[in-house]
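Undergrad: One structure, pasted below without further comment.
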Amino acid sequence: KISERAFDGLNNLKRLNLRHNRLVTLEKGIFIVVPALKSLYLNDNQLETLTYNNFLPIWDNLLKDDSVLGISAFDGLNNLKRLNLRHNRLVTLEKGIFIVVPALKSLYLNDNQLETLTYNNFLPIWDNLLKDDSVLGISDNRFTCDCRLLWIFELKNRTQNDELRRSLQDVECVLYDRNSVPEEIFTNAVKEKNDRVPGDYYDDAGYDNQDDTFVLDHRDVFDDGQKVQLLRFGAENLPCPEELSDPTEVPMSRESIGMVDMGLYSSASSWKLMAVSLFAMQTLIVAILC
């Protein structure tokens with residue numbers, strides 16, 4: 001566990017390496033005192049959860065001066081551009097976890113136990129991922145093959161970064177119902193994978209050549225399913241159970257539907273302002289209708 005005052009006095013710190021520390025959790029707001037931080041290395045720890053509590057669903061509480069919105073472990077890191085979470089034990093990410101890091105453009109989530117990632121997870125930094133210097137490492141997880149992963153196809157088509165496009169070829173998902181697709185599609189999706197150099201498209205700045213060797217997990221067969229290459233499997237073949245609640249496709253750009261840039265809402269206070277504005281609009285509409 002990191003002491004609450006561990007980073008006091010480091011206001012100008014730009015790079016922080018906390019890898020190989022057996023960290024299991026991060027205290028909320030632990031990095032608020034290092035607002036200038038641009039690179040944060042948390043890879044090779046034992047992190048299981050990264051939480052961000054969304055604003056309270058009670059409008060009256062939101063209107064009070066002392067109302068508290070959820071605080072992320074990354075709150076205050078408005079300048080953070082690189083975040084390495086590779087090789088931890090993450091199973092899920094909350095939707096709002098990256099709201100507080102609007103400048104983030106290099107993100108490494110490889111080698112975790114993530115069961116899915118959705119467009120909602122990346123909405124706050126989506127525009128950053130489309131740029132030619134973006135990085136997103138998500139391979140070697142345990143994604144379920146379903147339509148929550150459709151955004152990966154969209155990102156591949158829209159990103160300006162050829163390296164990112166190639167790295168998405170390595171993303172695999174676990175197919176639990178082999179009989180749900182024709183045999184030829186299944187066979188194509190489990191063909192021998194392209195050779196990849198260990199560390200390719202990974203954050204070399206966070207590596208130690210002597211004691212940190214990248215190891216790929218080649219276990220393709222699970223007790224109740226088998227890994228397939230997502231892009232070879234095809235977007236049209238992904239099952240889409242009715243109980244899925246997250247959006248499965250990337251909507252039109254925020255500009256085209258009149259939404260304000262998510263970068264403006266990088267702090268809890270801004271989200272509170274947005275919530276209050278929505279409440280005011282709702283009240284106005286009710287008043288007009290009455």
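Just remember, in the structure tokens the first chain shown is A, the second B, etc., residues are 1-based per chain, and ligands are 1-based in the order shown.
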To test your reading of the structure, identify every residue in range 61-175 of chain A that backbone DSSP assigns to helix (DSSP H, G or I), and report it as an MDAnalysis selection string.

TA: chainID A and resid 61:62 119:129 147:158 162:170

Undergrad: Pick out the residues sitting within 7 Å of range 136-145 of chain A, and hand them over as a list in words; count only C-alpha atoms, and ignore anything fewer than 5 positions along from it in its own chain.

TA: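 In the requested format, the answer is Ser106, Leu107, Tyr108, Leu109, Asn110, Asp111, Asn112, Gln113, Leu114, Glu115, Thr116, Leu164, Asp170, Val171, Glu172, Cys173, Val174, Leu175, Asp217 and Leu238 of chain A.
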
Undergrad: Write out the residues from the selection above, keeping all heavy atoms, as a short mmCIF file (atom, residue, chain, number, x, y, z; two decimals), in the first residue's frame.

TA:
data_model
loop_
_atom_site.label_atom_id
_atom_site.label_comp_id
_atom_site.auth_asym_id
_atom_site.auth_seq_id
_atom_site.Cartn_x
_atom_site.Cartn_y
_atom_site.Cartn_z
N SER A 106 -1.52 7.00 -24.50
CA SER A 106 -0.77 5.75 -24.50
C SER A 106 -1.22 4.93 -23.30
O SER A 106 -0.93 5.29 -22.16
CB SER A 106 0.74 6.00 -24.42
OG SER A 106 1.19 6.72 -25.55
N LEU A 107 -1.93 3.83 -23.57
CA LEU A 107 -2.52 3.03 -22.51
C LEU A 107 -2.20 1.56 -22.73
O LEU A 107 -2.44 1.02 -23.81
CB LEU A 107 -4.04 3.24 -22.48
CG LEU A 107 -4.84 2.39 -21.50
CD1 LEU A 107 -4.41 2.66 -20.05
CD2 LEU A 107 -6.33 2.66 -21.67
N TYR A 108 -1.66 0.92 -21.70
CA TYR A 108 -1.27 -0.48 -21.79
C TYR A 108 -2.06 -1.30 -20.78
O TYR A 108 -1.92 -1.12 -19.57
CB TYR A 108 0.23 -0.63 -21.51
CG TYR A 108 1.09 0.24 -22.40
CD1 TYR A 108 1.35 1.57 -22.06
CD2 TYR A 108 1.62 -0.26 -23.58
CE1 TYR A 108 2.12 2.38 -22.88
CE2 TYR A 108 2.40 0.54 -24.40
CZ TYR A 108 2.64 1.86 -24.06
OH TYR A 108 3.40 2.65 -24.87
N LEU A 109 -2.91 -2.18 -21.28
CA LEU A 109 -3.73 -3.05 -20.44
C LEU A 109 -3.45 -4.52 -20.74
O LEU A 109 -4.23 -5.39 -20.36
CB LEU A 109 -5.22 -2.75 -20.68
CG LEU A 109 -5.71 -1.38 -20.19
CD1 LEU A 109 -7.07 -1.06 -20.78
CD2 LEU A 109 -5.75 -1.33 -18.68
N ASN A 110 -2.36 -4.79 -21.41
CA ASN A 110 -2.02 -6.15 -21.79
C ASN A 110 -1.81 -7.04 -20.57
O ASN A 110 -1.47 -6.56 -19.49
CB ASN A 110 -0.72 -6.17 -22.61
CG ASN A 110 -0.67 -5.06 -23.63
OD1 ASN A 110 -0.42 -3.91 -23.28
ND2 ASN A 110 -0.90 -5.39 -24.88
N ASP A 111 -1.99 -8.33 -20.76
CA ASP A 111 -1.66 -9.31 -19.73
C ASP A 111 -2.41 -9.09 -18.42
O ASP A 111 -1.83 -9.09 -17.34
CB ASP A 111 -0.15 -9.32 -19.44
CG ASP A 111 0.66 -9.74 -20.64
OD1 ASP A 111 0.40 -10.82 -21.17
OD2 ASP A 111 1.53 -8.96 -21.06
N ASN A 112 -3.71 -8.86 -18.53
CA ASN A 112 -4.58 -8.82 -17.38
C ASN A 112 -5.59 -9.95 -17.52
O ASN A 112 -5.41 -10.86 -18.32
CB ASN A 112 -5.25 -7.45 -17.24
CG ASN A 112 -4.34 -6.44 -16.56
OD1 ASN A 112 -4.22 -6.41 -15.35
ND2 ASN A 112 -3.69 -5.59 -17.36
N GLN A 113 -6.67 -9.88 -16.79
CA GLN A 113 -7.71 -10.89 -16.87
C GLN A 113 -9.05 -10.26 -17.24
O GLN A 113 -10.11 -10.71 -16.82
CB GLN A 113 -7.81 -11.63 -15.52
CG GLN A 113 -6.52 -12.32 -15.12
CD GLN A 113 -6.57 -12.90 -13.73
OE1 GLN A 113 -7.62 -13.32 -13.24
NE2 GLN A 113 -5.43 -12.94 -13.06
N LEU A 114 -8.98 -9.21 -18.04
CA LEU A 114 -10.18 -8.47 -18.42
C LEU A 114 -11.13 -9.34 -19.24
O LEU A 114 -10.73 -9.95 -20.22
CB LEU A 114 -9.79 -7.23 -19.22
CG LEU A 114 -9.04 -6.15 -18.43
CD1 LEU A 114 -8.42 -5.13 -19.37
CD2 LEU A 114 -9.97 -5.48 -17.43
N GLU A 115 -12.39 -9.37 -18.83
CA GLU A 115 -13.39 -10.18 -19.52
C GLU A 115 -14.05 -9.42 -20.66
O GLU A 115 -14.60 -10.03 -21.58
CB GLU A 115 -14.43 -10.66 -18.51
CG GLU A 115 -13.81 -11.59 -17.46
CD GLU A 115 -14.80 -12.02 -16.40
OE1 GLU A 115 -15.95 -11.52 -16.42
OE2 GLU A 115 -14.44 -12.85 -15.56
N THR A 116 -14.01 -8.10 -20.59
CA THR A 116 -14.49 -7.29 -21.71
C THR A 116 -13.99 -5.86 -21.55
O THR A 116 -13.55 -5.46 -20.47
CB THR A 116 -16.04 -7.29 -21.79
OG1 THR A 116 -16.44 -6.79 -23.09
CG2 THR A 116 -16.67 -6.43 -20.71
N LEU A 164 -0.87 0.77 -34.22
CA LEU A 164 -2.03 0.40 -33.41
C LEU A 164 -2.94 -0.52 -34.20
O LEU A 164 -3.45 -1.52 -33.67
CB LEU A 164 -2.80 1.66 -32.99
CG LEU A 164 -4.13 1.44 -32.27
CD1 LEU A 164 -3.96 0.53 -31.07
CD2 LEU A 164 -4.74 2.77 -31.84
N ASP A 170 -3.71 -8.83 -32.93
CA ASP A 170 -3.35 -9.82 -31.93
C ASP A 170 -4.43 -10.03 -30.87
O ASP A 170 -4.29 -10.91 -30.02
CB ASP A 170 -2.05 -9.41 -31.21
CG ASP A 170 -0.85 -9.45 -32.14
OD1 ASP A 170 -0.79 -10.38 -32.96
OD2 ASP A 170 0.01 -8.56 -32.04
N VAL A 171 -5.46 -9.20 -30.89
CA VAL A 171 -6.49 -9.31 -29.86
C VAL A 171 -7.30 -10.59 -30.05
O VAL A 171 -7.77 -10.90 -31.14
CB VAL A 171 -7.44 -8.08 -29.89
CG1 VAL A 171 -8.55 -8.25 -28.87
CG2 VAL A 171 -6.64 -6.81 -29.61
N GLU A 172 -7.44 -11.34 -28.97
CA GLU A 172 -8.19 -12.58 -29.00
C GLU A 172 -9.37 -12.51 -28.04
O GLU A 172 -9.39 -11.70 -27.11
CB GLU A 172 -7.28 -13.75 -28.60
CG GLU A 172 -6.12 -13.97 -29.54
CD GLU A 172 -5.14 -15.00 -29.01
OE1 GLU A 172 -4.87 -14.99 -27.80
OE2 GLU A 172 -4.66 -15.81 -29.82
N CYS A 173 -10.34 -13.35 -28.27
CA CYS A 173 -11.48 -13.46 -27.36
C CYS A 173 -11.84 -14.93 -27.21
O CYS A 173 -11.45 -15.77 -28.03
CB CYS A 173 -12.68 -12.66 -27.85
SG CYS A 173 -13.32 -13.15 -29.47
N VAL A 174 -12.56 -15.25 -26.14
CA VAL A 174 -12.92 -16.63 -25.86
C VAL A 174 -14.32 -16.90 -26.41
O VAL A 174 -15.28 -16.24 -26.05
CB VAL A 174 -12.89 -16.92 -24.35
CG1 VAL A 174 -13.25 -18.38 -24.08
CG2 VAL A 174 -11.51 -16.59 -23.77
N LEU A 175 -14.41 -17.87 -27.30
CA LEU A 175 -15.68 -18.28 -27.89
C LEU A 175 -16.24 -19.44 -27.07
O LEU A 175 -15.62 -20.49 -26.97
CB LEU A 175 -15.48 -18.71 -29.34
CG LEU A 175 -16.73 -19.17 -30.09
CD1 LEU A 175 -17.71 -18.01 -30.25
CD2 LEU A 175 -16.35 -19.73 -31.45
N ASP A 217 1.04 -15.50 -23.31
CA ASP A 217 0.26 -16.62 -22.82
C ASP A 217 -0.36 -17.32 -24.02
O ASP A 217 -1.27 -16.79 -24.65
CB ASP A 217 -0.84 -16.11 -21.86
CG ASP A 217 -1.68 -17.23 -21.30
OD1 ASP A 217 -1.42 -18.41 -21.62
OD2 ASP A 217 -2.60 -16.93 -20.55
N LEU A 238 -20.10 -11.95 -34.04
CA LEU A 238 -20.10 -11.82 -32.60
C LEU A 238 -21.52 -11.92 -32.05
O LEU A 238 -22.42 -11.19 -32.48
CB LEU A 238 -19.50 -10.46 -32.19
CG LEU A 238 -18.00 -10.29 -32.39
CD1 LEU A 238 -17.59 -8.86 -32.08
CD2 LEU A 238 -17.22 -11.27 -31.53
#

Undergrad: Kindly give the distance, in Å, that separates CA of Pro35 in chain A and CA of Arg89 in chain A, rounded to a single decimal.

TA: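 These two atoms are separated by 26.4 Å.
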
Undergrad: Do a neighbour search on range 2-9 of chain A at 8 Å with only C-alpha atoms, toss out local chain neighbours closer than 5 positions, and write the hits as a list in words.

TA: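 Final neighbour list, sorted by chain and number: Leu26, Glu27, Ile30, Phe31, Val33 and Val34 of chain A.
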
Undergrad: Can you tell me which residues surround range 177-179 of chain A at a distance of at most 12 Å, considering only C-alpha atoms, apart from same-chain residues fewer than 6 positions away, and format the answer as a PyMOL selection string?

TA: chain A and resi 144-146+185-187+189-190+224-228+233+237-239

Undergrad: Using C-alpha atoms, can you write the selected residues to a file as a PDB file, in the first residue's frame?

TA:
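Contents of selection.pdb, freshly written:
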ATOM      1  CA  THR A 144     -15.597 -12.867 -24.099  1.00  0.00           C
ATOM      2  CA  CYS A 145     -16.502 -13.000 -27.797  1.00  0.00           C
ATOM      3  CA  ASP A 146     -19.592 -10.812 -27.931  1.00  0.00           C
ATOM      4  CA  ILE A 185     -15.301 -19.187 -39.815  1.00  0.00           C
ATOM      5  CA  PHE A 186     -14.184 -20.877 -36.619  1.00  0.00           C
ATOM      6  CA  THR A 187     -11.259 -22.576 -38.380  1.00  0.00           C
ATOM      7  CA  ALA A 189     -10.238 -17.538 -36.561  1.00  0.00           C
ATOM      8  CA  VAL A 190      -7.972 -20.064 -34.857  1.00  0.00           C
ATOM      9  CA  ASP A 224     -15.621 -23.952 -21.416  1.00  0.00           C
ATOM     10  CA  GLY A 225     -14.390 -22.132 -24.497  1.00  0.00           C
ATOM     11  CA  GLN A 226     -11.553 -21.508 -26.938  1.00  0.00           C
ATOM     12  CA  LYS A 227      -9.617 -18.407 -27.880  1.00  0.00           C
ATOM     13  CA  VAL A 228     -10.035 -17.065 -31.398  1.00  0.00           C
ATOM     14  CA  PHE A 233     -13.683 -13.996 -36.381  1.00  0.00           C
ATOM     15  CA  ASN A 237     -20.279 -13.221 -36.120  1.00  0.00           C
ATOM     16  CA  LEU A 238     -20.101 -11.815 -32.595  1.00  0.00           C
ATOM     17  CA  PRO A 239     -23.103 -12.906 -30.500  1.00  0.00           C
TER      18      PRO A 239
END

Undergrad: Run DSSP on the backbone and grab whatever in range 7-113 of chain A lands in strand (DSSP E or B); send it over as a PDB file with all heavy atoms, in the first residue's frame.

TA:
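Saved file result12.pdb follows:
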ATOM      1  N   ARG A  15       7.481  11.880 -14.275  1.00  0.00           N
ATOM      2  CA  ARG A  15       7.505  10.436 -14.562  1.00  0.00           C
ATOM      3  C   ARG A  15       7.604   9.666 -13.254  1.00  0.00           C
ATOM      4  O   ARG A  15       8.460   9.954 -12.426  1.00  0.00           O
ATOM      5  CB  ARG A  15       8.685  10.099 -15.469  1.00  0.00           C
ATOM      6  CG  ARG A  15       8.784   8.639 -15.895  1.00  0.00           C
ATOM      7  CD  ARG A  15       9.974   8.458 -16.843  1.00  0.00           C
ATOM      8  NE  ARG A  15      10.060   7.088 -17.343  1.00  0.00           N
ATOM      9  CZ  ARG A  15      10.719   6.109 -16.723  1.00  0.00           C
ATOM     10  NH1 ARG A  15      11.347   6.357 -15.571  1.00  0.00           N
ATOM     11  NH2 ARG A  15      10.749   4.892 -17.245  1.00  0.00           N
ATOM     12  N   LEU A  16       6.719   8.687 -13.075  1.00  0.00           N
ATOM     13  CA  LEU A  16       6.691   7.908 -11.837  1.00  0.00           C
ATOM     14  C   LEU A  16       6.631   6.428 -12.177  1.00  0.00           C
ATOM     15  O   LEU A  16       5.728   5.970 -12.873  1.00  0.00           O
ATOM     16  CB  LEU A  16       5.475   8.307 -10.991  1.00  0.00           C
ATOM     17  CG  LEU A  16       5.288   7.549  -9.674  1.00  0.00           C
ATOM     18  CD1 LEU A  16       6.483   7.743  -8.761  1.00  0.00           C
ATOM     19  CD2 LEU A  16       4.003   8.028  -8.983  1.00  0.00           C
ATOM     20  N   ASN A  17       7.601   5.669 -11.686  1.00  0.00           N
ATOM     21  CA  ASN A  17       7.693   4.236 -11.960  1.00  0.00           C
ATOM     22  C   ASN A  17       7.419   3.463 -10.674  1.00  0.00           C
ATOM     23  O   ASN A  17       8.218   3.494  -9.734  1.00  0.00           O
ATOM     24  CB  ASN A  17       9.087   3.895 -12.499  1.00  0.00           C
ATOM     25  CG  ASN A  17       9.154   2.491 -13.065  1.00  0.00           C
ATOM     26  OD1 ASN A  17       8.389   1.611 -12.679  1.00  0.00           O
ATOM     27  ND2 ASN A  17      10.076   2.281 -13.987  1.00  0.00           N
ATOM     28  N   SER A  39       3.807  10.482 -17.205  1.00  0.00           N
ATOM     29  CA  SER A  39       3.980   9.039 -17.417  1.00  0.00           C
ATOM     30  C   SER A  39       3.881   8.326 -16.076  1.00  0.00           C
ATOM     31  O   SER A  39       4.581   8.698 -15.126  1.00  0.00           O
ATOM     32  CB  SER A  39       5.336   8.736 -18.056  1.00  0.00           C
ATOM     33  OG  SER A  39       5.451   9.347 -19.330  1.00  0.00           O
ATOM     34  N   LEU A  40       3.019   7.307 -16.021  1.00  0.00           N
ATOM     35  CA  LEU A  40       2.827   6.547 -14.793  1.00  0.00           C
ATOM     36  C   LEU A  40       2.921   5.061 -15.110  1.00  0.00           C
ATOM     37  O   LEU A  40       2.151   4.533 -15.919  1.00  0.00           O
ATOM     38  CB  LEU A  40       1.465   6.873 -14.179  1.00  0.00           C
ATOM     39  CG  LEU A  40       1.055   6.087 -12.934  1.00  0.00           C
ATOM     40  CD1 LEU A  40       2.073   6.264 -11.819  1.00  0.00           C
ATOM     41  CD2 LEU A  40      -0.339   6.521 -12.468  1.00  0.00           C
ATOM     42  N   TYR A  41       3.885   4.374 -14.478  1.00  0.00           N
ATOM     43  CA  TYR A  41       4.104   2.957 -14.711  1.00  0.00           C
ATOM     44  C   TYR A  41       3.629   2.151 -13.500  1.00  0.00           C
ATOM     45  O   TYR A  41       4.229   2.230 -12.424  1.00  0.00           O
ATOM     46  CB  TYR A  41       5.589   2.683 -14.981  1.00  0.00           C
ATOM     47  CG  TYR A  41       6.100   3.416 -16.195  1.00  0.00           C
ATOM     48  CD1 TYR A  41       6.729   4.649 -16.075  1.00  0.00           C
ATOM     49  CD2 TYR A  41       5.934   2.879 -17.469  1.00  0.00           C
ATOM     50  CE1 TYR A  41       7.185   5.341 -17.195  1.00  0.00           C
ATOM     51  CE2 TYR A  41       6.389   3.554 -18.594  1.00  0.00           C
ATOM     52  CZ  TYR A  41       7.005   4.777 -18.450  1.00  0.00           C
ATOM     53  OH  TYR A  41       7.450   5.450 -19.565  1.00  0.00           O
ATOM     54  N   ARG A  82       0.727   8.876 -20.564  1.00  0.00           N
ATOM     55  CA  ARG A  82       1.102   7.465 -20.684  1.00  0.00           C
ATOM     56  C   ARG A  82       0.789   6.742 -19.375  1.00  0.00           C
ATOM     57  O   ARG A  82       1.217   7.154 -18.306  1.00  0.00           O
ATOM     58  CB  ARG A  82       2.586   7.342 -21.005  1.00  0.00           C
ATOM     59  CG  ARG A  82       3.100   5.920 -21.022  1.00  0.00           C
ATOM     60  CD  ARG A  82       4.561   5.884 -21.419  1.00  0.00           C
ATOM     61  NE  ARG A  82       4.737   6.308 -22.810  1.00  0.00           N
ATOM     62  CZ  ARG A  82       5.918   6.552 -23.363  1.00  0.00           C
ATOM     63  NH1 ARG A  82       7.021   6.437 -22.658  1.00  0.00           N
ATOM     64  NH2 ARG A  82       5.998   6.915 -24.633  1.00  0.00           N
ATOM     65  N   LEU A  83       0.031   5.650 -19.490  1.00  0.00           N
ATOM     66  CA  LEU A  83      -0.338   4.862 -18.326  1.00  0.00           C
ATOM     67  C   LEU A  83      -0.119   3.391 -18.642  1.00  0.00           C
ATOM     68  O   LEU A  83      -0.715   2.846 -19.566  1.00  0.00           O
ATOM     69  CB  LEU A  83      -1.810   5.111 -17.959  1.00  0.00           C
ATOM     70  CG  LEU A  83      -2.377   4.271 -16.806  1.00  0.00           C
ATOM     71  CD1 LEU A  83      -1.606   4.517 -15.517  1.00  0.00           C
ATOM     72  CD2 LEU A  83      -3.863   4.590 -16.615  1.00  0.00           C
ATOM     73  N   ASN A  84       0.753   2.765 -17.872  1.00  0.00           N
ATOM     74  CA  ASN A  84       1.079   1.358 -18.096  1.00  0.00           C
ATOM     75  C   ASN A  84       0.501   0.515 -16.959  1.00  0.00           C
ATOM     76  O   ASN A  84       0.946   0.615 -15.810  1.00  0.00           O
ATOM     77  CB  ASN A  84       2.598   1.166 -18.177  1.00  0.00           C
ATOM     78  CG  ASN A  84       2.976  -0.207 -18.703  1.00  0.00           C
ATOM     79  OD1 ASN A  84       2.242  -1.176 -18.526  1.00  0.00           O
ATOM     80  ND2 ASN A  84       4.118  -0.291 -19.364  1.00  0.00           N
ATOM     81  N   SER A 106      -1.516   7.000 -24.496  1.00  0.00           N
ATOM     82  CA  SER A 106      -0.771   5.746 -24.503  1.00  0.00           C
ATOM     83  C   SER A 106      -1.224   4.933 -23.301  1.00  0.00           C
ATOM     84  O   SER A 106      -0.932   5.292 -22.158  1.00  0.00           O
ATOM     85  CB  SER A 106       0.741   6.000 -24.415  1.00  0.00           C
ATOM     86  OG  SER A 106       1.191   6.718 -25.548  1.00  0.00           O
ATOM     87  N   LEU A 107      -1.929   3.831 -23.573  1.00  0.00           N
ATOM     88  CA  LEU A 107      -2.519   3.031 -22.505  1.00  0.00           C
ATOM     89  C   LEU A 107      -2.198   1.565 -22.730  1.00  0.00           C
ATOM     90  O   LEU A 107      -2.445   1.019 -23.811  1.00  0.00           O
ATOM     91  CB  LEU A 107      -4.036   3.244 -22.476  1.00  0.00           C
ATOM     92  CG  LEU A 107      -4.840   2.388 -21.496  1.00  0.00           C
ATOM     93  CD1 LEU A 107      -4.414   2.662 -20.054  1.00  0.00           C
ATOM     94  CD2 LEU A 107      -6.334   2.657 -21.671  1.00  0.00           C
ATOM     95  N   TYR A 108      -1.665   0.917 -21.703  1.00  0.00           N
ATOM     96  CA  TYR A 108      -1.269  -0.479 -21.791  1.00  0.00           C
ATOM     97  C   TYR A 108      -2.062  -1.303 -20.777  1.00  0.00           C
ATOM     98  O   TYR A 108      -1.919  -1.123 -19.568  1.00  0.00           O
ATOM     99  CB  TYR A 108       0.232  -0.628 -21.511  1.00  0.00           C
ATOM    100  CG  TYR A 108       1.088   0.242 -22.404  1.00  0.00           C
ATOM    101  CD1 TYR A 108       1.355   1.566 -22.060  1.00  0.00           C
ATOM    102  CD2 TYR A 108       1.618  -0.256 -23.581  1.00  0.00           C
ATOM    103  CE1 TYR A 108       2.121   2.376 -22.883  1.00  0.00           C
ATOM    104  CE2 TYR A 108       2.398   0.537 -24.399  1.00  0.00           C
ATOM    105  CZ  TYR A 108       2.645   1.864 -24.057  1.00  0.00           C
ATOM    106  OH  TYR A 108       3.401   2.654 -24.869  1.00  0.00           O
TER     107      TYR A 108
END

Undergrad: Could you pull the residues within 12 Å of Phe122 in chain A, counting only C-alpha atoms, minus those fewer than 5 positions along the same chain, as a list in words?

TA: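 Result of the neighbour search: Leu93, Glu94, Lys95, Gly96, Ile97, Phe98, Ile99, Val100, Val101, Pro102, Leu104, Lys105, Leu107, Leu117, Asp127, Asn128, Leu129, Leu130, Leu136, Leu149, Trp151, Ile152, Leu155, Pro247, Val250 and Met262 of chain A.
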
Undergrad: Would you export the selected residues with N, CA and C atoms as a PDB file, in the first residue's frame, please?

TA:
ATOM      1  N   LEU A  93     -13.069  -2.969 -15.790  1.00  0.00           N
ATOM      2  CA  LEU A  93     -12.826  -1.539 -15.611  1.00  0.00           C
ATOM      3  C   LEU A  93     -14.163  -0.826 -15.549  1.00  0.00           C
ATOM      4  N   GLU A  94     -14.320   0.080 -14.600  1.00  0.00           N
ATOM      5  CA  GLU A  94     -15.549   0.851 -14.528  1.00  0.00           C
ATOM      6  C   GLU A  94     -15.587   1.850 -15.682  1.00  0.00           C
ATOM      7  N   LYS A  95     -16.797   2.231 -16.065  1.00  0.00           N
ATOM      8  CA  LYS A  95     -16.985   3.061 -17.255  1.00  0.00           C
ATOM      9  C   LYS A  95     -16.246   4.387 -17.170  1.00  0.00           C
ATOM     10  N   GLY A  96     -16.231   5.015 -16.000  1.00  0.00           N
ATOM     11  CA  GLY A  96     -15.692   6.364 -15.899  1.00  0.00           C
ATOM     12  C   GLY A  96     -14.244   6.456 -15.476  1.00  0.00           C
ATOM     13  N   ILE A  97     -13.516   5.357 -15.522  1.00  0.00           N
ATOM     14  CA  ILE A  97     -12.175   5.343 -14.957  1.00  0.00           C
ATOM     15  C   ILE A  97     -11.226   6.318 -15.641  1.00  0.00           C
ATOM     16  N   PHE A  98     -11.425   6.600 -16.940  1.00  0.00           N
ATOM     17  CA  PHE A  98     -10.500   7.478 -17.664  1.00  0.00           C
ATOM     18  C   PHE A  98     -11.051   8.903 -17.852  1.00  0.00           C
ATOM     19  N   ILE A  99     -12.133   9.225 -17.170  1.00  0.00           N
ATOM     20  CA  ILE A  99     -12.688  10.577 -17.257  1.00  0.00           C
ATOM     21  C   ILE A  99     -11.687  11.612 -16.764  1.00  0.00           C
ATOM     22  N   VAL A 100     -10.922  11.252 -15.751  1.00  0.00           N
ATOM     23  CA  VAL A 100     -10.033  12.221 -15.115  1.00  0.00           C
ATOM     24  C   VAL A 100      -8.653  12.313 -15.770  1.00  0.00           C
ATOM     25  N   VAL A 101      -8.445  11.587 -16.868  1.00  0.00           N
ATOM     26  CA  VAL A 101      -7.151  11.649 -17.569  1.00  0.00           C
ATOM     27  C   VAL A 101      -7.403  11.979 -19.046  1.00  0.00           C
ATOM     28  N   PRO A 102      -7.916  13.166 -19.347  1.00  0.00           N
ATOM     29  CA  PRO A 102      -8.327  13.505 -20.714  1.00  0.00           C
ATOM     30  C   PRO A 102      -7.199  13.581 -21.718  1.00  0.00           C
ATOM     31  N   LEU A 104      -4.719  11.395 -21.904  1.00  0.00           N
ATOM     32  CA  LEU A 104      -4.140  10.067 -22.064  1.00  0.00           C
ATOM     33  C   LEU A 104      -4.195   9.598 -23.516  1.00  0.00           C
ATOM     34  N   LYS A 105      -3.044   9.183 -24.048  1.00  0.00           N
ATOM     35  CA  LYS A 105      -3.010   8.696 -25.428  1.00  0.00           C
ATOM     36  C   LYS A 105      -2.174   7.422 -25.568  1.00  0.00           C
ATOM     37  N   LEU A 107      -1.929   3.831 -23.573  1.00  0.00           N
ATOM     38  CA  LEU A 107      -2.519   3.031 -22.505  1.00  0.00           C
ATOM     39  C   LEU A 107      -2.198   1.565 -22.730  1.00  0.00           C
ATOM     40  N   LEU A 117     -14.022  -5.120 -22.625  1.00  0.00           N
ATOM     41  CA  LEU A 117     -13.815  -3.678 -22.634  1.00  0.00           C
ATOM     42  C   LEU A 117     -14.848  -3.117 -23.593  1.00  0.00           C
ATOM     43  N   ASP A 127     -11.104  10.201 -28.880  1.00  0.00           N
ATOM     44  CA  ASP A 127     -10.483  11.028 -29.914  1.00  0.00           C
ATOM     45  C   ASP A 127      -8.960  10.914 -29.878  1.00  0.00           C
ATOM     46  N   ASN A 128      -8.391  10.748 -28.672  1.00  0.00           N
ATOM     47  CA  ASN A 128      -6.933  10.586 -28.551  1.00  0.00           C
ATOM     48  C   ASN A 128      -6.462   9.309 -29.236  1.00  0.00           C
ATOM     49  N   LEU A 129      -7.263   8.257 -29.143  1.00  0.00           N
ATOM     50  CA  LEU A 129      -6.871   6.971 -29.709  1.00  0.00           C
ATOM     51  C   LEU A 129      -6.889   6.969 -31.232  1.00  0.00           C
ATOM     52  N   LEU A 130      -7.551   7.941 -31.826  1.00  0.00           N
ATOM     53  CA  LEU A 130      -7.624   8.006 -33.283  1.00  0.00           C
ATOM     54  C   LEU A 130      -6.414   8.707 -33.900  1.00  0.00           C
ATOM     55  N   LEU A 136      -2.548   1.746 -27.743  1.00  0.00           N
ATOM     56  CA  LEU A 136      -3.502   1.005 -26.924  1.00  0.00           C
ATOM     57  C   LEU A 136      -3.130  -0.470 -26.968  1.00  0.00           C
ATOM     58  N   LEU A 149     -17.343  -5.936 -27.983  1.00  0.00           N
ATOM     59  CA  LEU A 149     -16.013  -5.695 -28.566  1.00  0.00           C
ATOM     60  C   LEU A 149     -16.077  -5.080 -29.958  1.00  0.00           C
ATOM     61  N   TRP A 151     -16.387  -2.135 -30.904  1.00  0.00           N
ATOM     62  CA  TRP A 151     -15.639  -0.879 -31.016  1.00  0.00           C
ATOM     63  C   TRP A 151     -14.209  -1.116 -31.508  1.00  0.00           C
ATOM     64  N   ILE A 152     -13.668  -2.325 -31.278  1.00  0.00           N
ATOM     65  CA  ILE A 152     -12.303  -2.614 -31.725  1.00  0.00           C
ATOM     66  C   ILE A 152     -12.223  -2.585 -33.246  1.00  0.00           C
ATOM     67  N   LEU A 155     -12.256   1.078 -34.179  1.00  0.00           N
ATOM     68  CA  LEU A 155     -10.974   1.715 -33.900  1.00  0.00           C
ATOM     69  C   LEU A 155      -9.944   1.332 -34.959  1.00  0.00           C
ATOM     70  N   PRO A 247     -23.329   0.031 -24.626  1.00  0.00           N
ATOM     71  CA  PRO A 247     -23.475   0.183 -26.080  1.00  0.00           C
ATOM     72  C   PRO A 247     -22.496  -0.725 -26.797  1.00  0.00           C
ATOM     73  N   VAL A 250     -19.941   1.991 -31.779  1.00  0.00           N
ATOM     74  CA  VAL A 250     -19.508   3.365 -31.583  1.00  0.00           C
ATOM     75  C   VAL A 250     -20.523   4.291 -32.223  1.00  0.00           C
ATOM     76  N   MET A 262     -15.523  15.823 -24.178  1.00  0.00           N
ATOM     77  CA  MET A 262     -15.359  15.198 -22.877  1.00  0.00           C
ATOM     78  C   MET A 262     -14.184  15.783 -22.109  1.00  0.00           C
TER      79      MET A 262
END
